[in-house]
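As stored in run.txt (compact mmCIF, C-alpha atoms and all ligand atoms):
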# COMPACT_ATOMS: atom_id res chain seq x y z
CA MET A 3 64.24 7.52 75.50
CA ILE A 4 66.30 7.55 78.71
CA ASP A 5 67.38 10.80 80.39
CA GLY A 6 66.68 12.71 77.19
CA GLU A 7 68.84 10.36 75.07
CA TRP A 8 67.38 8.19 72.33
CA ARG A 9 68.13 4.50 72.95
CA TYR A 10 68.28 1.97 70.16
CA ASP A 11 68.45 -0.99 72.54
CA VAL A 12 64.95 -0.64 74.01
CA GLU A 13 62.44 -3.21 72.76
CA GLN A 14 59.77 -1.79 70.43
CA ILE A 15 57.25 -4.20 71.88
CA GLN A 16 57.34 -4.96 75.57
CA SER A 17 55.98 -8.14 77.11
CA ASP A 18 56.26 -9.75 80.55
CA GLU A 19 57.42 -13.28 81.52
CA GLU A 20 53.98 -14.71 80.68
CA GLY A 21 54.22 -13.32 77.16
CA GLU A 22 51.59 -10.67 77.83
CA PHE A 23 51.94 -7.27 76.16
CA GLU A 24 52.55 -4.45 78.66
CA ARG A 25 51.69 -0.84 77.80
CA ASP A 26 53.63 1.91 79.59
CA THR A 27 51.76 4.69 81.32
CA THR A 28 52.22 8.17 79.88
CA SER A 29 53.91 10.99 81.70
CA PHE A 30 52.63 14.43 80.64
CA ARG A 31 49.26 14.77 82.30
CA GLU A 32 48.25 18.46 82.46
CA TRP A 33 44.66 19.45 81.66
CA ILE A 34 43.28 22.51 79.86
CA ALA A 35 41.29 24.68 82.29
CA GLY A 36 37.54 24.25 81.95
CA THR A 37 37.69 20.66 80.72
CA ARG A 38 35.01 18.40 82.10
CA ARG A 39 37.15 15.51 83.30
CA GLY A 40 34.34 13.45 84.77
CA PRO A 41 30.81 13.86 86.11
CA GLY A 42 31.01 16.79 88.55
CA ASP A 43 34.71 17.30 87.86
CA ILE A 44 35.70 20.44 85.93
CA VAL A 45 39.38 21.32 85.74
CA GLU A 46 40.10 24.63 87.50
CA ASP A 47 43.85 25.05 87.21
CA GLY A 48 45.60 24.45 83.95
CA PRO A 49 46.64 26.12 80.73
CA GLU A 50 43.84 28.33 79.35
CA PRO A 51 41.96 27.36 76.19
CA GLU A 52 42.89 29.72 73.37
CA ALA A 53 42.56 29.49 69.60
CA GLY A 54 45.94 28.98 67.94
CA ARG A 55 47.83 28.15 71.13
CA TYR A 56 47.74 24.35 70.98
CA HIS A 57 49.09 21.86 68.50
CA LEU A 58 48.70 18.13 67.98
CA TYR A 59 51.38 15.71 66.87
CA VAL A 60 49.73 12.63 65.41
CA SER A 61 50.18 9.62 63.23
CA TYR A 62 47.19 8.96 60.98
CA ALA A 63 47.94 5.28 61.58
CA CYS A 64 47.54 5.32 65.33
CA PRO A 65 44.15 4.52 66.89
CA TRP A 66 44.97 6.59 69.98
CA ALA A 67 45.91 9.64 67.92
CA HIS A 68 42.81 9.07 65.79
CA ARG A 69 40.64 9.66 68.87
CA THR A 70 42.00 13.20 69.07
CA LEU A 71 41.57 13.84 65.33
CA PHE A 72 38.00 12.50 65.38
CA THR A 73 37.07 14.74 68.32
CA ARG A 74 38.77 17.77 66.73
CA ALA A 75 36.80 17.12 63.52
CA VAL A 76 33.32 16.71 64.97
CA LYS A 77 33.88 19.68 67.30
CA GLY A 78 34.93 21.85 64.36
CA LEU A 79 38.28 22.70 65.96
CA GLU A 80 40.33 22.42 62.76
CA ASP A 81 41.15 26.15 62.76
CA VAL A 82 41.71 26.28 66.53
CA ILE A 83 44.21 23.45 66.97
CA SER A 84 46.92 22.83 64.36
CA VAL A 85 48.28 19.36 63.51
CA ASP A 86 51.55 17.81 62.31
CA VAL A 87 51.53 14.27 60.92
CA VAL A 88 54.48 11.86 61.19
CA ASP A 89 55.69 9.27 58.69
CA PRO A 90 53.49 6.21 59.25
CA VAL A 91 56.43 3.81 59.14
CA ARG A 92 58.27 3.82 62.46
CA LYS A 93 61.83 2.56 62.32
CA ASN A 94 64.88 2.61 64.63
CA GLU A 95 64.77 6.36 65.08
CA GLY A 96 61.18 6.31 66.31
CA TRP A 97 58.47 8.56 64.83
CA GLU A 98 59.96 10.72 62.12
CA PHE A 99 58.77 13.68 60.01
CA ALA A 100 58.84 13.03 56.25
CA PRO A 101 57.02 15.93 54.56
CA GLU A 102 57.74 14.50 51.12
CA LYS A 103 55.48 11.51 51.76
CA PRO A 104 51.74 11.68 50.95
CA GLY A 105 49.65 12.88 53.88
CA CYS A 106 52.72 13.62 56.05
CA THR A 107 53.85 17.06 57.20
CA GLU A 108 56.99 18.76 58.37
CA GLU A 109 57.42 19.49 62.07
CA SER A 110 56.04 23.01 62.00
CA GLN A 111 57.17 24.44 65.33
CA TYR A 112 60.95 23.96 65.23
CA GLY A 113 61.67 22.11 61.97
CA PHE A 114 62.64 18.96 63.88
CA ASP A 115 63.24 15.67 62.09
CA TYR A 116 62.02 13.37 64.87
CA LEU A 117 59.18 13.42 67.36
CA ARG A 118 61.63 12.54 70.14
CA GLU A 119 63.08 16.08 69.79
CA ILE A 120 59.69 17.45 70.86
CA TYR A 121 59.80 15.28 73.98
CA ALA A 122 63.33 16.51 74.70
CA GLU A 123 62.23 20.11 74.14
CA ALA A 124 59.55 19.62 76.78
CA ASP A 125 61.89 17.82 79.19
CA GLU A 126 65.59 17.50 78.49
CA ASN A 127 65.78 14.56 80.90
CA TYR A 128 62.70 12.79 79.53
CA THR A 129 62.60 9.06 80.20
CA GLY A 130 59.84 7.02 78.60
CA ARG A 131 58.38 6.06 75.27
CA VAL A 132 57.97 8.62 72.50
CA THR A 133 54.35 8.18 71.53
CA VAL A 134 51.61 9.92 69.58
CA PRO A 135 49.31 11.71 70.19
CA VAL A 136 50.97 14.71 71.82
CA LEU A 137 49.12 17.91 72.75
CA TRP A 138 51.67 20.74 72.58
CA ASP A 139 51.38 24.20 74.14
CA LYS A 140 53.03 26.71 71.75
CA GLU A 141 53.04 29.45 74.39
CA GLU A 142 54.71 27.48 77.19
CA GLU A 143 56.66 25.37 74.68
CA THR A 144 55.88 22.16 76.43
CA ILE A 145 53.76 19.03 76.21
CA VAL A 146 50.41 19.48 77.91
CA ASN A 147 49.43 15.84 77.74
CA ASN A 148 50.23 12.67 75.77
CA GLU A 149 47.35 10.45 76.86
CA SER A 150 44.66 10.18 74.19
CA GLU A 151 41.74 9.58 76.52
CA GLU A 152 42.54 12.81 78.34
CA ILE A 153 43.25 14.80 75.17
CA MET A 154 39.90 13.80 73.65
CA ARG A 155 38.12 15.04 76.79
CA MET A 156 40.01 18.35 76.55
CA LEU A 157 39.08 18.81 72.90
CA ASP A 158 35.46 17.96 73.66
CA SER A 159 34.83 20.37 76.54
CA GLY A 160 37.97 22.45 77.15
CA PHE A 161 37.44 24.77 74.20
CA ASP A 162 33.75 25.47 74.58
CA ARG A 163 34.11 28.63 76.62
CA THR A 164 36.98 30.81 77.74
CA GLY A 165 37.43 32.19 81.19
CA GLU A 166 34.27 30.57 82.44
CA GLU A 167 33.42 27.10 83.60
CA ARG A 168 31.08 25.26 81.30
CA SER A 169 27.91 24.65 83.25
CA ASP A 170 25.01 22.48 82.25
CA ASP A 171 22.74 25.56 82.21
CA THR A 172 24.76 27.25 79.53
CA VAL A 173 24.90 24.06 77.48
CA GLU A 174 21.17 23.55 77.68
CA SER A 175 20.24 27.13 76.87
CA GLY A 176 22.49 26.86 73.85
CA THR A 177 24.72 29.80 74.77
CA ARG A 178 27.90 27.93 74.02
CA SER A 179 28.15 29.90 70.81
CA ASP A 180 28.61 33.09 72.84
CA PRO A 181 31.63 35.23 72.00
CA GLY A 182 33.63 33.52 74.75
CA ALA A 183 33.32 30.15 73.07
CA ILE A 184 36.10 28.87 70.83
CA ALA A 185 34.51 25.71 69.43
CA GLU A 186 32.62 26.27 66.18
CA ASN A 187 29.59 24.21 67.09
CA ASP A 188 27.51 22.95 70.00
CA VAL A 189 28.43 19.29 69.66
CA ASP A 190 28.81 17.84 73.16
CA LEU A 191 30.35 14.38 73.32
CA TYR A 192 30.02 14.09 77.11
CA PRO A 193 26.43 15.18 77.68
CA GLU A 194 24.71 15.42 81.01
CA GLY A 195 22.80 12.26 81.85
CA TYR A 196 25.20 10.09 79.82
CA ARG A 197 28.47 10.78 81.60
CA ALA A 198 28.66 7.81 83.95
CA GLU A 199 27.71 5.47 81.10
CA VAL A 200 30.32 7.02 78.79
CA ASP A 201 33.03 6.51 81.42
CA ASP A 202 31.90 2.92 82.04
CA VAL A 203 31.97 2.06 78.34
CA ILE A 204 35.41 3.62 77.83
CA ASP A 205 36.77 1.63 80.79
CA GLU A 206 35.02 -1.56 79.72
CA ILE A 207 36.25 -1.61 76.13
CA TYR A 208 39.85 -0.49 76.77
CA PRO A 209 41.34 -3.78 78.02
CA VAL A 210 39.37 -6.13 75.80
CA ILE A 211 38.87 -4.19 72.56
CA ASN A 212 41.15 -1.13 72.21
CA ASN A 213 44.14 -2.67 73.95
CA GLY A 214 42.74 -6.18 73.35
CA VAL A 215 43.88 -6.22 69.72
CA TYR A 216 47.41 -5.27 70.85
CA ARG A 217 47.32 -7.94 73.59
CA ALA A 218 46.57 -10.47 70.86
CA GLY A 219 49.03 -9.10 68.30
CA PHE A 220 51.98 -8.59 70.61
CA ALA A 221 51.50 -11.72 72.75
CA THR A 222 54.58 -13.91 72.81
CA SER A 223 52.95 -16.99 74.35
CA GLN A 224 50.02 -19.06 73.08
CA ASP A 225 48.18 -18.67 76.39
CA ALA A 226 48.44 -14.88 76.36
CA TYR A 227 47.25 -14.78 72.75
CA ASP A 228 44.35 -17.21 73.37
CA GLU A 229 43.15 -15.22 76.34
CA ALA A 230 43.32 -11.91 74.48
CA VAL A 231 41.45 -13.22 71.44
CA THR A 232 38.75 -14.83 73.59
CA ASP A 233 38.25 -11.58 75.53
CA LEU A 234 38.17 -9.59 72.31
CA PHE A 235 35.58 -11.65 70.45
CA ASP A 236 33.41 -12.10 73.55
CA ALA A 237 33.32 -8.32 73.79
CA LEU A 238 32.65 -7.80 70.07
CA ASP A 239 29.79 -10.33 70.15
CA ARG A 240 28.29 -8.55 73.16
CA TRP A 241 28.60 -5.14 71.52
CA ASN A 242 27.09 -6.43 68.32
CA GLU A 243 23.99 -7.44 70.30
CA ARG A 244 23.89 -4.15 72.19
CA LEU A 245 24.06 -2.13 69.00
CA ALA A 246 21.15 -4.04 67.45
CA ASP A 247 18.63 -1.62 68.91
CA GLN A 248 20.92 1.00 70.46
CA ARG A 249 22.28 3.56 68.02
CA TYR A 250 25.49 4.52 69.84
CA ALA A 251 27.78 2.99 72.45
CA ALA A 252 26.35 4.91 75.42
CA GLY A 253 22.73 5.14 74.23
CA ASP A 254 20.94 7.29 71.68
CA ARG A 255 23.58 10.04 71.52
CA LEU A 256 27.00 10.20 69.95
CA THR A 257 29.60 10.40 72.75
CA LEU A 258 33.26 9.94 73.57
CA ALA A 259 32.49 6.24 74.04
CA ASP A 260 31.88 6.02 70.28
CA VAL A 261 35.14 7.81 69.57
CA ALA A 262 36.97 5.22 71.68
CA MET A 263 35.17 2.31 69.99
CA PHE A 264 35.49 3.72 66.49
CA THR A 265 39.24 3.95 66.06
CA THR A 266 39.75 0.25 66.83
CA LEU A 267 36.85 -0.96 64.65
CA TYR A 268 38.05 1.16 61.72
CA ARG A 269 41.43 -0.65 61.66
CA PHE A 270 40.08 -4.10 62.40
CA ASP A 271 39.46 -5.81 59.07
CA GLU A 272 42.42 -4.26 57.25
CA VAL A 273 44.98 -4.76 60.01
CA TYR A 274 44.06 -6.42 63.29
CA HIS A 275 42.30 -9.35 61.63
CA THR A 276 45.46 -10.34 59.72
CA HIS A 277 48.48 -8.67 61.29
CA PHE A 278 47.41 -9.18 64.93
CA LYS A 279 45.77 -12.59 64.23
CA CYS A 280 42.34 -11.41 65.44
CA ASN A 281 40.81 -13.61 62.77
CA GLU A 282 37.81 -15.30 64.32
CA LYS A 283 35.67 -12.98 62.24
CA PRO A 284 35.95 -9.60 60.45
CA ILE A 285 33.81 -6.65 61.56
CA ALA A 286 32.14 -6.78 58.12
CA ASP A 287 30.49 -10.07 59.19
CA TYR A 288 28.76 -8.48 62.19
CA ASP A 289 25.15 -7.45 61.50
CA HIS A 290 25.22 -4.38 63.75
CA LEU A 291 28.86 -3.47 64.43
CA TRP A 292 29.52 -3.07 60.71
CA PRO A 293 26.68 -0.61 59.95
CA TYR A 294 27.54 1.21 63.22
CA LEU A 295 31.14 1.59 62.05
CA ARG A 296 29.95 2.88 58.66
CA GLU A 297 27.66 5.44 60.29
CA LEU A 298 30.57 6.87 62.29
CA CYS A 299 32.78 7.05 59.17
CA GLN A 300 30.04 9.03 57.43
CA LEU A 301 29.62 11.73 60.09
CA PRO A 302 30.54 15.18 58.72
CA GLY A 303 34.24 15.89 59.12
CA VAL A 304 35.27 12.31 59.86
CA GLU A 305 36.27 11.29 56.34
CA ALA A 306 39.20 13.74 56.48
CA THR A 307 40.57 11.76 59.45
CA LEU A 308 40.53 8.43 57.61
CA HIS A 309 43.87 7.42 56.07
CA MET A 310 43.91 3.67 55.54
CA ASP A 311 47.14 3.93 53.52
CA HIS A 312 48.93 5.25 56.63
CA VAL A 313 47.24 2.63 58.82
CA LYS A 314 48.32 -0.32 56.66
CA ASN A 315 51.81 1.00 55.99
CA HIS A 316 52.37 1.58 59.66
CA TYR A 317 51.35 -1.76 61.06
CA TYR A 318 52.64 -4.08 58.35
CA ARG A 319 55.95 -2.23 57.95
CA SER A 320 56.80 -1.12 61.50
CA HIS A 321 56.70 -4.44 63.38
CA PRO A 322 59.34 -6.71 61.84
CA ASP A 323 58.90 -9.18 64.72
CA VAL A 324 55.26 -9.68 63.71
CA ASN A 325 55.61 -9.28 59.91
CA PRO A 326 59.27 -9.88 58.93
CA SER A 327 58.64 -9.50 55.17
CA THR A 328 57.02 -6.06 55.78
CA LEU A 329 54.73 -6.81 52.82
CA VAL A 330 51.40 -4.97 52.95
CA PRO A 331 48.34 -7.10 52.04
CA VAL A 332 46.11 -5.79 49.22
CA GLY A 333 42.68 -6.39 50.78
CA PRO A 334 40.03 -6.61 51.98
CA ASP A 335 39.12 -2.97 51.22
CA PRO A 336 35.73 -2.69 52.99
CA ASP A 337 33.33 -0.02 51.72
CA PHE A 338 32.99 2.33 54.73
CA PHE A 339 30.72 4.60 52.70
CA ALA A 340 27.98 2.10 51.79
CA PRO A 341 24.62 3.22 53.28
CA HIS A 342 24.47 2.39 57.00
CA GLY A 343 20.70 2.05 57.40
CA ARG A 344 20.66 3.03 61.09
CA ASP A 345 18.44 6.10 60.80
CA ASP A 346 15.39 4.24 62.11
CA LEU A 347 17.00 3.59 65.49
CA PRO A 348 16.10 6.01 68.31
CA GLY A 349 18.40 9.04 68.51
CA GLY A 350 20.80 10.35 65.91
CA PRO A 351 23.84 12.52 65.45
CA PRO A 352 24.05 15.93 67.18
CA ALA A 353 21.98 18.62 65.44
CA ASP A 354 25.14 20.39 64.22
CA LEU A 355 26.25 17.21 62.48
CA ALA A 356 22.89 15.99 61.19
N1 LIG B 1 48.44 5.67 76.15
C1 LIG B 1 48.76 6.29 74.96
C2 LIG B 1 49.26 5.24 73.96
C3 LIG B 1 49.75 5.87 72.71
C4 LIG B 1 50.56 4.88 71.87
O1 LIG B 1 50.92 3.78 72.32
N2 LIG B 1 50.85 5.28 70.63
C5 LIG B 1 51.66 4.43 69.77
C6 LIG B 1 51.20 4.51 68.34
S1 LIG B 1 49.73 3.65 68.02
C7 LIG B 1 53.08 4.92 69.80
O2 LIG B 1 53.34 6.09 69.57
N3 LIG B 1 54.03 4.02 70.05
C8 LIG B 1 55.43 4.29 70.04
C9 LIG B 1 56.17 3.54 71.11
O3 LIG B 1 55.54 2.94 71.98
O4 LIG B 1 57.40 3.53 71.06
C10 LIG B 1 47.54 7.02 74.46
O5 LIG B 1 46.43 6.44 74.44
O6 LIG B 1 47.67 8.17 74.09
Please express the file's structure as structure tokens.
Amino acid sequence: MIDGEWRYDVEQIQSDEEGEFERDTTSFREWIAGTRRGPGDIVEDGPEPEAGRYHLYVSYACPWAHRTLFTRAVKGLEDVISVDVVDPVRKNEGWEFAPEKPGCTEESQYGFDYLREIYAEADENYTGRVTVPVLWDKEEETIVNNESEEIMRMLDSGFDRTGEERSDDTVESGTRSDPGAIAENDVDLYPEGYRAEVDDVIDEIYPVINNGVYRAGFATSQDAYDEAVTDLFDALDRWNERLADQRYAAGDRLTLADVAMFTTLYRFDEVYHTHFKCNEKPIADYDHLWPYLRELCQLPGVEATLHMDHVKNHYYRSHPDVNPSTLVPVGPDPDFFAPHGRDDLPGGPPADLA
């Protein structure tokens, strides 16, 4: 979109002269007041957390949007933050609403047909890509933020208490269920003592795993592809070892680092392995990554966020440069609900999810 106008001549997939995929930075970057943005960094100024005020625009196909849905689910924010779901297949018009399709919804705020109209509503001169996820403020009628890493942090800590900063004392004494709190449960995905590690893991896995699969799949030179795939499988091998005796990505507790890891692993065997040519090995062949992935799928609330039909339809049918026939492969249909066998490792899911 350029100056608020939809442009049909902008490449769907952008790469530089070396054939390396380039991801644009996002532009709406407000934070909900009270969010813990980093260790020792709580947002003071920003829109206030309130039940019913915020709305998410997502695609069930998108790993970045899935981070926000996963966090919303394990935090029990389903009744606090509403969601609209786009058509998984993205064509020339960009993300579109197609309420007649299974799992898709209408655009509930204005009855729009396209997600780009939401961007134009927020900024009539918007220039940039029209991406999901979007966190929308119904009161101010604008986009709060469209960067998934930031939205997942807001959903994790921004809705725990109103009008008061969340302090470690209140978390530890368990008073987060006080009347001021909006979140249904005491799940804390950015716990004290783990924060620096969570941030390190999120930063470490972004270029090689989360964006790594895209670097492989959207590379337009052999060198760029080779480098991306090498980085990706080196990282997966390393993580497989780490998860042999460590239950979660940042230690013995479920954190935002697992959310970031999860949404890429979930799509791997069905999509990235084939469509993005990340085919050295499927996740199902890893002794520890595969049970780890199954455990995360089986956490209460998470199953409702899993929509492999949207995932497969999106990738195989929205990138004609990568898959010109747009045919969707039948397999391999991994069983995400087979027992995970990780209960003997130290730690476990938060008490409210156990
Ligand atoms: N940095 C963004 C990336 C989001 C993103 O790239 N979403 C994809 C879907 S998986 C999208 O909407 N792409 C549309 C486009 O780039 O035109 C985030 O993490 O939130």
Would you mind listing the residues within 8 Å of ligand LIG 1 (chain B), counting all atoms listed in the file, as an mmCIF file with C-alpha atoms, keeping the file's coordinate frame?
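Result file is pocket_37.cif:
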data_model
loop_
_atom_site.group_PDB
_atom_site.id
_atom_site.type_symbol
_atom_site.label_atom_id
_atom_site.label_comp_id
_atom_site.auth_asym_id
_atom_site.auth_seq_id
_atom_site.Cartn_x
_atom_site.Cartn_y
_atom_site.Cartn_z
ATOM 1 C CA GLN A 14 59.770 -1.790 70.430
ATOM 2 C CA ILE A 15 57.250 -4.200 71.880
ATOM 3 C CA ARG A 25 51.690 -0.840 77.800
ATOM 4 C CA ASP A 26 53.630 1.910 79.590
ATOM 5 C CA THR A 27 51.760 4.690 81.320
ATOM 6 C CA THR A 28 52.220 8.170 79.880
ATOM 7 C CA SER A 61 50.180 9.620 63.230
ATOM 8 C CA ALA A 63 47.940 5.280 61.580
ATOM 9 C CA CYS A 64 47.540 5.320 65.330
ATOM 10 C CA PRO A 65 44.150 4.520 66.890
ATOM 11 C CA TRP A 66 44.970 6.590 69.980
ATOM 12 C CA ALA A 67 45.910 9.640 67.920
ATOM 13 C CA GLY A 96 61.180 6.310 66.310
ATOM 14 C CA TRP A 97 58.470 8.560 64.830
ATOM 15 C CA ARG A 131 58.380 6.060 75.270
ATOM 16 C CA VAL A 132 57.970 8.620 72.500
ATOM 17 C CA THR A 133 54.350 8.180 71.530
ATOM 18 C CA VAL A 134 51.610 9.920 69.580
ATOM 19 C CA PRO A 135 49.310 11.710 70.190
ATOM 20 C CA VAL A 136 50.970 14.710 71.820
ATOM 21 C CA ASN A 148 50.230 12.670 75.770
ATOM 22 C CA GLU A 149 47.350 10.450 76.860
ATOM 23 C CA SER A 150 44.660 10.180 74.190
ATOM 24 C CA GLU A 151 41.740 9.580 76.520
#
With only C-alpha atoms as the basis for distance, which of A:Ala286, A:Leu157, A:Val330, A:Val12 is at the shortest distance from Thr129 in chain A?
->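 Among A:Ala286, A:Leu157, A:Val330, A:Val12, it is A:Val12 that comes nearest to Thr129 in chain A.
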Of the candidates A:Pro104, A:Pro326, A:Gly160, A:Gly253, which shows the shortest atom-to-atom distance to Ala53 in chain A, using all atoms listed in the file?
->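 Closest candidate: A:Gly160.
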Might you pull out every residue within 10 Å of Val210 in chain A, with all atoms listed in the file counted and same-chain residues fewer than 4 positions away left off, and present them as a ChimeraX atom specification?
-> /A:205-206,214-218,229-238
In Å, how far is it from CA of Tyr62 in chain A to CA of Leu308 in chain A?
-> 7.5 Å
Residue nearest Glu102 in chain A among A:Ile4, A:Phe270, A:Gly349, A:Val87 (counting all atoms listed in the file) =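 Looking only at the distances to Glu102 in chain A, the closest residue turns out to be A:Val87.
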Nearest-residue call for Leu355 in chain A, choices A:Lys283, A:Lys77, A:Lys103, A:His312, using only C-alpha atoms |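 The answer is A:Lys77, which sits nearest to Leu355 in chain A.
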Selection: 10 Å around Met310 in chain A, all atoms listed in the file, excl. self and same-chain fewer than 5 positions, as a PyMOL selection string = chain A and resi 62-63+268-269+272-273+315-316+335
Axis-aligned box for all listed atoms of range 89-102 of chain A, 4 Å per side, centre and edges in Å to one decimal, as AutoDock Vina command-line options:
--center_x 59.2 --center_y 9.2 --center_z 58.7 --size_x 19.4 --size_y 21.4 --size_z 23.2
What's the 7 Å shell around range 44-51 of chain A, counting only C-alpha atoms, without same-chain residues fewer than 5 positions away, as JSON, numbers by chain?
-> {"A": [32, 33, 34, 35, 36, 37, 38, 39, 160, 161, 164]}
Taking all atoms listed in the file into account, which of A:Leu245, A:Val91, A:Ala262, A:Val60 comes nearest Lys314 in chain A?
->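 Closest to Lys314 in chain A of all the choices is A:Val91.
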Using all atoms listed in the file, which residues sit within 9 Å of Glu243 in chain A once same-chain residues fewer than 6 positions away are excluded, as an MDAnalysis selection string?
-> chainID A and resid 289:291
Hey, what's within 12 Å of range 246-248 of chain A if we count all atoms listed in the file and toss same-chain stuff fewer than 5 positions away? As a list in words, please?
->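 The residues satisfying every condition are Asp239, Arg240, Trp241, Gly253, Asp254, Arg255, Leu256, Tyr288, Asp289, His290, Leu291, Trp292, Pro293, Tyr294, Gly343, Arg344, Asp345, Asp346, Leu347, Pro348, Gly349 and Gly350 of chain A.
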Go through A:Ile285, A:Ile153, A:Ile207, A:Arg296 one by one, measure the shortest atom-to-atom distance of each to His68 in chain A using all atoms listed in the file, and give the residue with the smallest value.
->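 With all atoms listed in the file as the atom set, the closest residue is A:Ile153.
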Enter the distance from CA of Val88 in chain A to CA of Ala100 in chain A, in Å, rounded to one decimal.
->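 It comes out at 6.7 Å.
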CA of His321 in chain A to CA of Glu24 in chain A, straight-line distance in Å =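 About the pair CA of Glu24 in chain A and CA of His321 in chain A: they are 15.8 Å apart.
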Would you fill out range 82-98 of chain A with N, CA and C atoms and return it as a PDB file, in the coordinates of the input?
ATOM      1  N   VAL A  82      41.335  25.890  65.159  1.00  0.00           N
ATOM      2  CA  VAL A  82      41.710  26.280  66.530  1.00  0.00           C
ATOM      3  C   VAL A  82      42.974  25.547  66.965  1.00  0.00           C
ATOM      4  N   ILE A  83      43.080  24.283  66.557  1.00  0.00           N
ATOM      5  CA  ILE A  83      44.210  23.450  66.970  1.00  0.00           C
ATOM      6  C   ILE A  83      44.903  22.920  65.715  1.00  0.00           C
ATOM      7  N   SER A  84      46.176  23.255  65.550  1.00  0.00           N
ATOM      8  CA  SER A  84      46.920  22.830  64.360  1.00  0.00           C
ATOM      9  C   SER A  84      47.462  21.409  64.562  1.00  0.00           C
ATOM     10  N   VAL A  85      47.878  20.772  63.463  1.00  0.00           N
ATOM     11  CA  VAL A  85      48.280  19.360  63.510  1.00  0.00           C
ATOM     12  C   VAL A  85      49.522  19.128  62.651  1.00  0.00           C
ATOM     13  N   ASP A  86      50.472  18.358  63.139  1.00  0.00           N
ATOM     14  CA  ASP A  86      51.550  17.810  62.310  1.00  0.00           C
ATOM     15  C   ASP A  86      51.406  16.294  62.288  1.00  0.00           C
ATOM     16  N   VAL A  87      51.739  15.710  61.139  1.00  0.00           N
ATOM     17  CA  VAL A  87      51.530  14.270  60.920  1.00  0.00           C
ATOM     18  C   VAL A  87      52.867  13.597  60.629  1.00  0.00           C
ATOM     19  N   VAL A  88      53.194  12.564  61.379  1.00  0.00           N
ATOM     20  CA  VAL A  88      54.480  11.860  61.190  1.00  0.00           C
ATOM     21  C   VAL A  88      54.388  10.843  60.057  1.00  0.00           C
ATOM     22  N   ASP A  89      55.557  10.378  59.641  1.00  0.00           N
ATOM     23  CA  ASP A  89      55.690   9.270  58.690  1.00  0.00           C
ATOM     24  C   ASP A  89      55.056   8.027  59.329  1.00  0.00           C
ATOM     25  N   PRO A  90      54.144   7.357  58.623  1.00  0.00           N
ATOM     26  CA  PRO A  90      53.490   6.210  59.250  1.00  0.00           C
ATOM     27  C   PRO A  90      54.443   5.065  59.602  1.00  0.00           C
ATOM     28  N   VAL A  91      55.519   4.927  58.867  1.00  0.00           N
ATOM     29  CA  VAL A  91      56.430   3.810  59.140  1.00  0.00           C
ATOM     30  C   VAL A  91      57.410   4.229  60.233  1.00  0.00           C
ATOM     31  N   ARG A  92      57.391   3.493  61.335  1.00  0.00           N
ATOM     32  CA  ARG A  92      58.270   3.820  62.460  1.00  0.00           C
ATOM     33  C   ARG A  92      59.440   2.856  62.474  1.00  0.00           C
ATOM     34  N   LYS A  93      60.649   3.419  62.359  1.00  0.00           N
ATOM     35  CA  LYS A  93      61.830   2.560  62.320  1.00  0.00           C
ATOM     36  C   LYS A  93      62.681   2.802  63.573  1.00  0.00           C
ATOM     37  N   ASN A  94      63.985   2.535  63.450  1.00  0.00           N
ATOM     38  CA  ASN A  94      64.880   2.610  64.630  1.00  0.00           C
ATOM     39  C   ASN A  94      64.929   3.967  65.307  1.00  0.00           C
ATOM     40  N   GLU A  95      64.673   5.004  64.534  1.00  0.00           N
ATOM     41  CA  GLU A  95      64.770   6.360  65.080  1.00  0.00           C
ATOM     42  C   GLU A  95      63.471   6.807  65.740  1.00  0.00           C
ATOM     43  N   GLY A  96      62.476   5.931  65.757  1.00  0.00           N
ATOM     44  CA  GLY A  96      61.180   6.310  66.310  1.00  0.00           C
ATOM     45  C   GLY A  96      60.387   7.125  65.295  1.00  0.00           C
ATOM     46  N   TRP A  97      59.317   7.775  65.738  1.00  0.00           N
ATOM     47  CA  TRP A  97      58.470   8.560  64.830  1.00  0.00           C
ATOM     48  C   TRP A  97      59.292   9.683  64.198  1.00  0.00           C
ATOM     49  N   GLU A  98      59.111   9.829  62.892  1.00  0.00           N
ATOM     50  CA  GLU A  98      59.960  10.720  62.120  1.00  0.00           C
ATOM     51  C   GLU A  98      59.059  11.624  61.248  1.00  0.00           C
TER      52      GLU A  98
END
